[in-house]
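J.: TSV, C-alpha atoms and all ligand atoms, saved as my_file30.tsv, coming up:
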```tsv
chain	number	residue	atom	x	y	z
A	18	MET	CA	-23.55	-4.91	12.54
A	19	THR	CA	-20.27	-6.27	13.88
A	20	ASP	CA	-19.01	-6.74	10.32
A	21	ILE	CA	-19.42	-3.13	9.20
A	22	LEU	CA	-17.83	-1.86	12.42
A	23	ARG	CA	-14.92	-4.21	11.94
A	24	VAL	CA	-14.31	-2.98	8.39
A	25	ILE	CA	-14.52	0.63	9.65
A	26	GLN	CA	-12.01	-0.03	12.43
A	27	GLU	CA	-9.63	-1.98	10.20
A	28	ARG	CA	-9.65	0.61	7.40
A	29	ARG	CA	-6.35	2.42	7.40
A	30	SER	CA	-4.09	4.62	5.36
A	31	VAL	CA	-1.70	2.28	3.62
A	32	ARG	CA	1.43	4.40	3.25
A	33	LEU	CA	3.57	1.56	1.96
A	34	SER	CA	5.13	0.73	-1.38
A	35	PHE	CA	2.74	-1.30	-3.50
A	36	ASP	CA	3.82	-4.30	-5.53
A	37	PRO	CA	3.85	-3.21	-9.21
A	38	SER	CA	3.56	-6.84	-10.32
A	39	ARG	CA	0.23	-7.27	-8.48
A	40	PRO	CA	-2.34	-5.10	-10.21
A	41	VAL	CA	-5.78	-4.55	-8.71
A	42	LYS	CA	-8.31	-6.65	-10.64
A	43	SER	CA	-10.72	-4.70	-12.84
A	44	ASP	CA	-13.70	-6.42	-11.15
A	45	ASP	CA	-12.49	-5.09	-7.81
A	46	LEU	CA	-12.03	-1.60	-9.26
A	47	LYS	CA	-15.62	-1.83	-10.50
A	48	ARG	CA	-16.82	-2.74	-7.00
A	49	ILE	CA	-15.01	0.26	-5.56
A	50	ILE	CA	-16.58	2.52	-8.18
A	51	GLU	CA	-19.99	1.00	-7.46
A	52	ALA	CA	-19.51	1.95	-3.80
A	53	ALA	CA	-18.71	5.53	-4.87
A	54	ARG	CA	-21.83	5.57	-7.07
A	55	TRP	CA	-24.04	4.90	-4.06
A	56	ALA	CA	-22.45	7.49	-1.80
A	57	PRO	CA	-24.78	10.05	-0.27
A	58	THR	CA	-24.44	13.58	-1.68
A	59	PRO	CA	-26.48	16.71	-0.84
A	60	HIS	CA	-29.74	16.74	-2.84
A	61	ASN	CA	-28.41	13.61	-4.53
A	62	MET	CA	-26.40	15.96	-6.73
A	63	GLN	CA	-23.75	13.30	-7.40
A	64	ASN	CA	-21.34	16.16	-7.80
A	65	PHE	CA	-18.31	14.07	-8.77
A	66	GLU	CA	-16.70	12.05	-11.50
A	67	ILE	CA	-13.92	9.54	-11.11
A	68	ILE	CA	-11.04	9.01	-13.49
A	69	VAL	CA	-9.70	5.49	-13.16
A	70	VAL	CA	-6.06	5.41	-14.23
A	71	ASP	CA	-4.38	2.04	-14.65
A	72	ASP	CA	-2.50	2.62	-17.90
A	73	ARG	CA	1.17	2.26	-17.01
A	74	LYS	CA	2.34	4.86	-19.50
A	75	LEU	CA	-0.12	7.39	-18.09
A	76	LEU	CA	0.87	6.53	-14.52
A	77	ARG	CA	4.51	7.07	-15.45
A	78	LYS	CA	3.63	10.41	-17.00
A	79	ILE	CA	1.73	11.49	-13.90
A	80	GLY	CA	4.57	10.14	-11.73
A	81	SER	CA	7.05	12.41	-13.48
A	82	ILE	CA	5.15	15.55	-12.40
A	83	LYS	CA	7.21	17.55	-9.92
A	84	SER	CA	5.49	18.08	-6.56
A	85	PRO	CA	7.27	20.74	-4.54
A	86	VAL	CA	6.12	20.80	-0.95
A	87	SER	CA	4.64	24.08	0.22
A	88	GLU	CA	5.93	25.94	3.24
A	89	SER	CA	2.47	26.05	4.78
A	90	PHE	CA	2.22	22.26	4.51
A	91	VAL	CA	5.53	21.74	6.28
A	92	ARG	CA	4.62	24.17	9.07
A	93	GLU	CA	1.06	22.92	9.59
A	94	ASN	CA	2.01	19.25	9.20
A	95	TYR	CA	4.58	19.66	11.96
A	96	ARG	CA	1.88	20.68	14.45
A	97	GLN	CA	0.09	17.34	13.95
A	98	LEU	CA	3.16	15.22	14.62
A	99	SER	CA	4.08	13.36	17.80
A	100	VAL	CA	7.77	12.65	18.32
A	101	SER	CA	7.22	9.23	19.91
A	102	LYS	CA	4.59	6.49	20.22
A	103	LYS	CA	4.26	7.46	23.89
A	104	GLU	CA	3.38	11.05	22.98
A	105	LEU	CA	0.92	9.94	20.29
A	106	LEU	CA	-0.79	7.59	22.75
A	107	GLN	CA	-1.19	10.52	25.13
A	108	ARG	CA	-2.37	13.05	22.54
A	109	ARG	CA	-4.67	10.63	20.71
A	110	VAL	CA	-4.83	12.91	17.67
A	111	GLY	CA	-2.40	13.40	14.81
A	112	ILE	CA	0.19	11.05	13.44
A	113	LEU	CA	3.60	9.71	14.35
A	114	GLY	CA	6.37	12.06	13.24
A	115	THR	CA	8.85	9.25	12.72
A	116	TYR	CA	7.23	8.56	9.34
A	117	PHE	CA	8.82	11.77	8.14
A	118	PRO	CA	12.53	12.47	7.72
A	119	PRO	CA	14.03	14.13	10.86
A	120	ALA	CA	14.22	17.56	9.20
A	121	TRP	CA	10.41	17.57	8.85
A	122	ARG	CA	10.12	17.37	12.63
A	123	ASP	CA	12.53	20.18	13.45
A	124	PRO	CA	11.41	23.76	12.66
A	125	ALA	CA	15.08	24.85	12.67
A	126	ARG	CA	15.64	22.59	9.66
A	127	PHE	CA	12.55	23.48	7.60
A	128	ASP	CA	14.62	25.44	5.06
A	129	GLU	CA	16.52	22.26	4.34
A	130	VAL	CA	13.24	20.38	3.77
A	131	LEU	CA	11.80	23.01	1.48
A	132	GLY	CA	14.99	23.09	-0.59
A	133	LYS	CA	15.36	19.33	-0.94
A	134	GLU	CA	11.73	18.52	-1.61
A	135	ARG	CA	11.80	20.66	-4.74
A	136	ASN	CA	13.14	17.55	-6.43
A	137	SER	CA	10.30	15.27	-5.41
A	138	SER	CA	7.71	14.03	-7.89
A	139	LEU	CA	4.33	12.34	-7.80
A	140	ASN	CA	6.17	9.08	-8.30
A	141	ASP	CA	7.00	9.20	-4.58
A	142	ALA	CA	3.27	9.31	-3.85
A	143	ILE	CA	2.19	6.68	-6.38
A	144	ASP	CA	4.99	4.38	-5.18
A	145	GLY	CA	4.38	1.17	-7.15
A	146	SER	CA	0.63	1.51	-7.40
A	147	THR	CA	-0.94	0.14	-10.57
A	148	ALA	CA	-4.23	1.98	-10.12
A	149	VAL	CA	-5.02	5.56	-9.18
A	150	LEU	CA	-8.49	7.05	-8.82
A	151	VAL	CA	-8.78	10.78	-9.40
A	152	VAL	CA	-11.97	12.36	-8.06
A	153	VAL	CA	-13.03	15.58	-9.81
A	154	TYR	CA	-15.90	18.00	-9.22
A	155	ASP	CA	-17.39	21.15	-10.71
A	156	PRO	CA	-16.82	24.12	-8.38
A	157	ARG	CA	-19.27	26.26	-10.41
A	158	LYS	CA	-22.15	24.22	-9.00
A	159	ARG	CA	-23.08	24.15	-5.36
A	160	ALA	CA	-25.50	22.39	-3.07
A	161	PRO	CA	-28.53	24.66	-2.58
A	162	ALA	CA	-27.78	27.63	-0.29
A	163	SER	CA	-24.49	26.07	0.81
A	164	GLU	CA	-21.87	28.78	1.37
A	165	GLY	CA	-18.64	27.78	-0.37
A	166	ASP	CA	-20.39	24.52	-1.32
A	167	PHE	CA	-19.52	23.20	2.10
A	168	LEU	CA	-22.23	20.52	1.77
A	169	GLY	CA	-21.07	19.50	-1.70
A	170	ILE	CA	-17.52	19.03	-0.43
A	171	LEU	CA	-18.82	16.90	2.45
A	172	GLY	CA	-20.43	14.69	-0.18
A	173	LEU	CA	-17.01	14.18	-1.78
A	174	GLY	CA	-15.84	12.90	1.60
A	175	CYS	CA	-18.68	10.37	1.62
A	176	VAL	CA	-17.50	9.19	-1.80
A	177	MET	CA	-14.00	8.81	-0.38
A	178	GLU	CA	-15.15	6.77	2.59
A	179	ASN	CA	-17.38	4.47	0.53
A	180	MET	CA	-14.48	3.64	-1.78
A	181	TRP	CA	-12.04	3.26	1.10
A	182	LEU	CA	-14.24	0.87	3.09
A	183	THR	CA	-14.89	-1.22	0.00
A	184	ALA	CA	-11.16	-1.42	-0.72
A	185	GLN	CA	-10.64	-2.47	2.90
A	186	ALA	CA	-13.33	-5.16	2.62
A	187	LEU	CA	-11.56	-6.45	-0.51
A	188	LYS	CA	-8.20	-6.35	1.35
A	189	ILE	CA	-6.82	-3.83	-1.12
A	190	GLY	CA	-4.40	-1.18	0.17
A	191	PHE	CA	-5.70	2.38	-0.21
A	192	GLN	CA	-4.13	5.77	0.41
A	193	ILE	CA	-5.48	9.24	-0.20
A	194	MET	CA	-3.11	11.57	-2.03
A	195	SER	CA	-4.13	15.18	-1.37
A	196	VAL	CA	-1.05	16.30	-3.26
A	197	PHE	CA	-2.95	15.77	-6.54
A	198	SER	CA	-5.11	18.79	-5.76
A	199	GLY	CA	-2.15	20.86	-4.63
A	200	GLU	CA	-0.97	24.11	-6.10
A	201	LYS	CA	1.24	23.58	-9.19
A	202	VAL	CA	0.38	19.87	-9.33
A	203	GLU	CA	-3.35	19.89	-10.09
A	204	GLU	CA	-3.10	21.71	-13.43
A	205	LYS	CA	-0.38	19.34	-14.66
A	206	VAL	CA	-2.35	16.22	-13.70
A	207	LYS	CA	-5.42	17.68	-15.37
A	208	ARG	CA	-3.45	18.21	-18.56
A	209	VAL	CA	-2.18	14.61	-18.64
A	210	LEU	CA	-5.70	13.27	-18.07
A	211	ALA	CA	-7.43	15.75	-20.40
A	212	VAL	CA	-9.67	17.00	-17.58
A	213	PRO	CA	-11.81	19.98	-18.74
A	214	LYS	CA	-10.59	23.33	-17.41
A	215	HIS	CA	-13.69	24.04	-15.30
A	216	LEU	CA	-13.33	20.90	-13.19
A	217	ARG	CA	-11.17	20.67	-10.05
A	218	ILE	CA	-9.40	17.68	-8.58
A	219	ALA	CA	-10.73	16.98	-5.08
A	220	TYR	CA	-8.25	14.22	-4.25
A	221	ALA	CA	-6.75	11.06	-5.66
A	222	ALA	CA	-6.36	7.62	-4.15
A	223	ARG	CA	-3.75	4.99	-4.87
A	224	LEU	CA	-4.62	1.33	-4.67
A	225	GLY	CA	-2.56	-1.80	-4.49
A	226	TYR	CA	-1.05	-4.58	-2.46
A	227	PRO	CA	1.85	-3.66	-0.17
A	228	VAL	CA	5.21	-5.28	-0.79
A	229	HIS	CA	5.56	-5.71	3.00
A	230	PRO	CA	1.97	-6.03	4.23
A	231	SER	CA	2.90	-6.75	7.85
A	232	ASN	CA	4.25	-3.24	8.38
A	233	ARG	CA	1.45	-1.94	10.65
A	234	TYR	CA	1.58	1.38	12.42
A	235	LEU	CA	0.16	2.94	15.54
A	236	ARG	CA	-3.31	4.44	14.99
A	237	VAL	CA	-5.01	6.42	17.72
A	238	ARG	CA	-8.44	7.91	18.30
A	239	ARG	CA	-9.89	10.02	21.10
A	240	ASP	CA	-11.99	8.23	23.70
A	241	VAL	CA	-15.78	8.34	23.36
A	242	GLU	CA	-15.93	10.32	26.64
A	243	ASP	CA	-13.67	12.96	25.12
A	244	MET	CA	-15.53	13.42	21.84
A	245	THR	CA	-19.18	13.20	22.89
A	246	HIS	CA	-21.54	15.41	24.90
A	247	TYR	CA	-24.81	14.14	26.29
A	248	ASN	CA	-27.95	16.23	25.82
A	249	GLY	CA	-26.00	19.47	25.56
A	250	TYR	CA	-22.45	20.64	25.03
A	251	GLY	CA	-20.17	20.20	28.04
A	252	ASN	CA	-21.82	17.18	29.58
A	253	LYS	CA	-19.10	14.83	28.41
A	254	GLY	CA	-19.65	11.21	27.47
A	255	ILE	CA	-22.70	9.10	26.77
A	256	PRO	CA	-24.34	6.62	29.15
A	257	VAL	CA	-23.12	3.07	28.81
A	258	SER	CA	-25.88	0.48	28.90
A	259	GLU	CA	-25.92	-1.73	32.01
A	260	LYS	CA	-24.69	-5.26	31.48
A	261	PRO	CA	-27.56	-7.79	31.99
B	301	LIG	C1	-9.63	14.67	3.29
B	301	LIG	C2	-8.48	13.77	3.64
B	301	LIG	C3	-7.24	13.99	3.07
B	301	LIG	C4	-6.16	13.13	3.37
B	301	LIG	N1	-4.96	13.30	2.73
B	301	LIG	C5	-3.98	12.41	2.93
B	301	LIG	C6	-2.75	12.46	2.19
B	301	LIG	O1	-2.55	13.33	1.34
B	301	LIG	N2	-1.81	11.53	2.43
B	301	LIG	C7	-2.00	10.53	3.35
B	301	LIG	O2	-1.12	9.70	3.53
B	301	LIG	N3	-3.13	10.45	4.06
B	301	LIG	C8	-4.12	11.34	3.87
B	301	LIG	N4	-5.29	11.25	4.57
B	301	LIG	C9	-5.44	10.17	5.56
B	301	LIG	C10	-5.36	10.66	6.99
B	301	LIG	O3	-4.10	11.18	7.30
B	301	LIG	C11	-5.69	9.46	7.86
B	301	LIG	O4	-6.99	9.03	7.57
B	301	LIG	C12	-5.57	9.74	9.35
B	301	LIG	O5	-4.25	10.05	9.69
B	301	LIG	C13	-6.03	8.55	10.18
B	301	LIG	O6	-5.28	7.41	9.86
B	301	LIG	P1	-5.97	6.08	9.30
B	301	LIG	O7	-6.53	6.41	7.93
B	301	LIG	O8	-4.89	5.06	9.18
B	301	LIG	O9	-7.05	5.71	10.23
B	301	LIG	C14	-6.35	12.08	4.28
B	301	LIG	C15	-7.62	11.87	4.86
B	301	LIG	C16	-8.67	12.69	4.54
B	301	LIG	C17	-10.04	12.40	5.16
```
Please, can you express the file's structure as structure tokens?

T.:
Amino acid sequence: MTDILRVIQERRSVRLSFDPSRPVKSDDLKRIIEAARWAPTPHNMQNFEIIVVDDRKLLRKIGSIKSPVSESFVRENYRQLSVSKKELLQRRVGILGTYFPPAWRDPARFDEVLGKERNSSLNDAIDGSTAVLVVVYDPRKRAPASEGDFLGILGLGCVMENMWLTAQALKIGFQIMSVFSGEKVEEKVKRVLAVPKHLRIAYAARLGYPVHPSNRYLRVRRDVEDMTHYNGYGNKGIPVSEKP
């Protein structure tokens, strides 16, 4: 029990450059895929497929795809940012804004961000990774009676977590790249990987070993008392068992 909780707590988003000379072993990739295979999905639909990309030429091709940042991303991202560690420790949700260039944290400078980022490419996201997993699904299918296939999409999240925890257990860096499913980017990635038209990209993940592994960052979570309700909404917290 302690072991699984430890892996869950140690799992993190590794937003660091990966070492291109240290590829992820194919046996480890297979373990990560095996974890995805056993993920729970509604009605056991297994509504996903995974494209494993470790061919350097293909990665370069994907890396050259332009990824302009959308205005809505900049504006909504800003709301999740704390300006200091102190603020993040108080808020307990969101992420530290200092990971982004100063203009991303200042609404008065958003025009500058939107102009400059037009030049960015997926290479910035892949950042040295030698393996990328692209998770695709068929939006024409849905979990029974699930409006907007809400349940099916939840299943894709279970796939994500299974792969992420396995990567963590193998001490492999892992980062989700939502940008792969973004407007203007998705179609181009699909073309490079010959993904059939009817499939959508849910997300991609990059894997690797950080060049500077010691670069840890502040991660916060709400307290149990703040996120739980006991026997009805509003009665905050859960009873803590008495120590013997
Ligand atoms: C559906 C989903 C999409 C995410 N997209 C991104 C992303 O595009 N880039 C990124 O760096 N992290 C992404 N994340 C990671 C979250 O930002 C991260 O899990 C959260 O900030 C908590 O940090 P931790 O993973 O280090 O615990 C995503 C996570 C989920 C569940």

J.: Have a look at A:Ile112, A:Thr147, A:Met177, A:Arg223 and name the one nearest to Lys74 in chain A; count all atoms listed in the file.

T.: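 Answer, going by the shortest atom-to-atom distance: A:Thr147.
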
J.: Output as JSON the centre and edge lengths (Å, one decimal) of the box along x, y and z of the file that holds every listed atom of ligand LIG 301 (chain B) after adding 5 Å on each side.

T.:
```
{"center_x": -5.6, "center_y": 9.9, "center_z": 5.8, "size_x": 18.9, "size_y": 19.6, "size_z": 18.9}
```

J.: Which residues form the shell of 9 Å around ligand LIG 301 (chain B) when you count only C-alpha atoms and all ligand atoms, given as a count of residues only?

T.: 30

J.: Fewer than 3 positions away in the same chain doesn't count, so skip those; otherwise give me all residues within 10 Å of Gln63 in chain A, counting all atoms listed in the file, as a ChimeraX atom specification.

T.: /A:53-60,66,154,169,172-173,176

J.: Measuring between only C-alpha atoms, which one of A:Val149, A:Val91, A:Ile21, A:Cys175 shows the shortest distance to Leu131 in chain A?

T.: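 Ranking A:Val149, A:Val91, A:Ile21, A:Cys175 by distance to Leu131 in chain A, first place goes to A:Val91.
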
J.: Measure the distance from CA of Thr245 in chain A to CA of Ala186 in chain A in Å and round it to one decimal.

T.: 28.0 Å

J.: Leaving out Arg122 in chain A and any residue of its chain fewer than 6 positions from it, which residues lie within 12 Å of it when counting only C-alpha atoms, given as a PyMOL selection string?

T.: chain A and resi 91-101+112-116+128-130

J.: Go ahead and compute the interatomic distance for CA of Gly145 in chain A and CA of Leu182 in chain A, in Å to one decimal.

T.: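 Result for CA of Gly145 in chain A versus CA of Leu182 in chain A: 21.3 Å, one decimal.
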
J.: What's the separation between CA of Lys78 in chain A and CA of Val209 in chain A, in Å to one decimal place?

T.: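 Rounded to one decimal, the two atoms are 7.4 Å apart.
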
J.: Measuring between only C-alpha atoms, which one of A:Leu139, A:Leu22, A:Ile50, A:Ala148 shows the shortest distance to Asp72 in chain A?

T.: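 Smallest distance to Asp72 in chain A is found for A:Ala148.
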
J.: Could you name the residues that touch Asp155 in chain A at 10 Å or less, counting only C-alpha atoms, but leaving out those on the same chain fewer than 3 positions away, as a list in words?

T.: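 Non-adjacent residues within range: Asn64, Phe65, Glu66, Lys158, Arg159, Gly169, Pro213, Lys214, His215, Leu216, Arg217, Ile218 and Ala219 of chain A.
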
J.: For the residues in that selection, give me C-alpha atoms as an mmCIF file, in the coordinates of the input.

T.:
```cif
data_model
loop_
_atom_site.group_PDB
_atom_site.id
_atom_site.type_symbol
_atom_site.label_atom_id
_atom_site.label_comp_id
_atom_site.auth_asym_id
_atom_site.auth_seq_id
_atom_site.Cartn_x
_atom_site.Cartn_y
_atom_site.Cartn_z
ATOM 1 C CA ASN A 64 -21.340 16.160 -7.800
ATOM 2 C CA PHE A 65 -18.310 14.070 -8.770
ATOM 3 C CA GLU A 66 -16.700 12.050 -11.500
ATOM 4 C CA LYS A 158 -22.150 24.220 -9.000
ATOM 5 C CA ARG A 159 -23.080 24.150 -5.360
ATOM 6 C CA GLY A 169 -21.070 19.500 -1.700
ATOM 7 C CA PRO A 213 -11.810 19.980 -18.740
ATOM 8 C CA LYS A 214 -10.590 23.330 -17.410
ATOM 9 C CA HIS A 215 -13.690 24.040 -15.300
ATOM 10 C CA LEU A 216 -13.330 20.900 -13.190
ATOM 11 C CA ARG A 217 -11.170 20.670 -10.050
ATOM 12 C CA ILE A 218 -9.400 17.680 -8.580
ATOM 13 C CA ALA A 219 -10.730 16.980 -5.080
#
```

J.: Which of these residues is nearest to Leu187 in chain A, using all atoms listed in the file: A:Phe35, A:Tyr226, A:Phe127, A:Trp121?

T.: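 Closest to Leu187 in chain A of all the choices is A:Tyr226.
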
J.: With distances taken over all atoms listed in the file, which of A:Lys102, A:Arg23, A:Arg73, A:Arg109 is nearest to Val241 in chain A?

T.: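 Using all atoms listed in the file, Val241 in chain A sits closest to A:Arg109.
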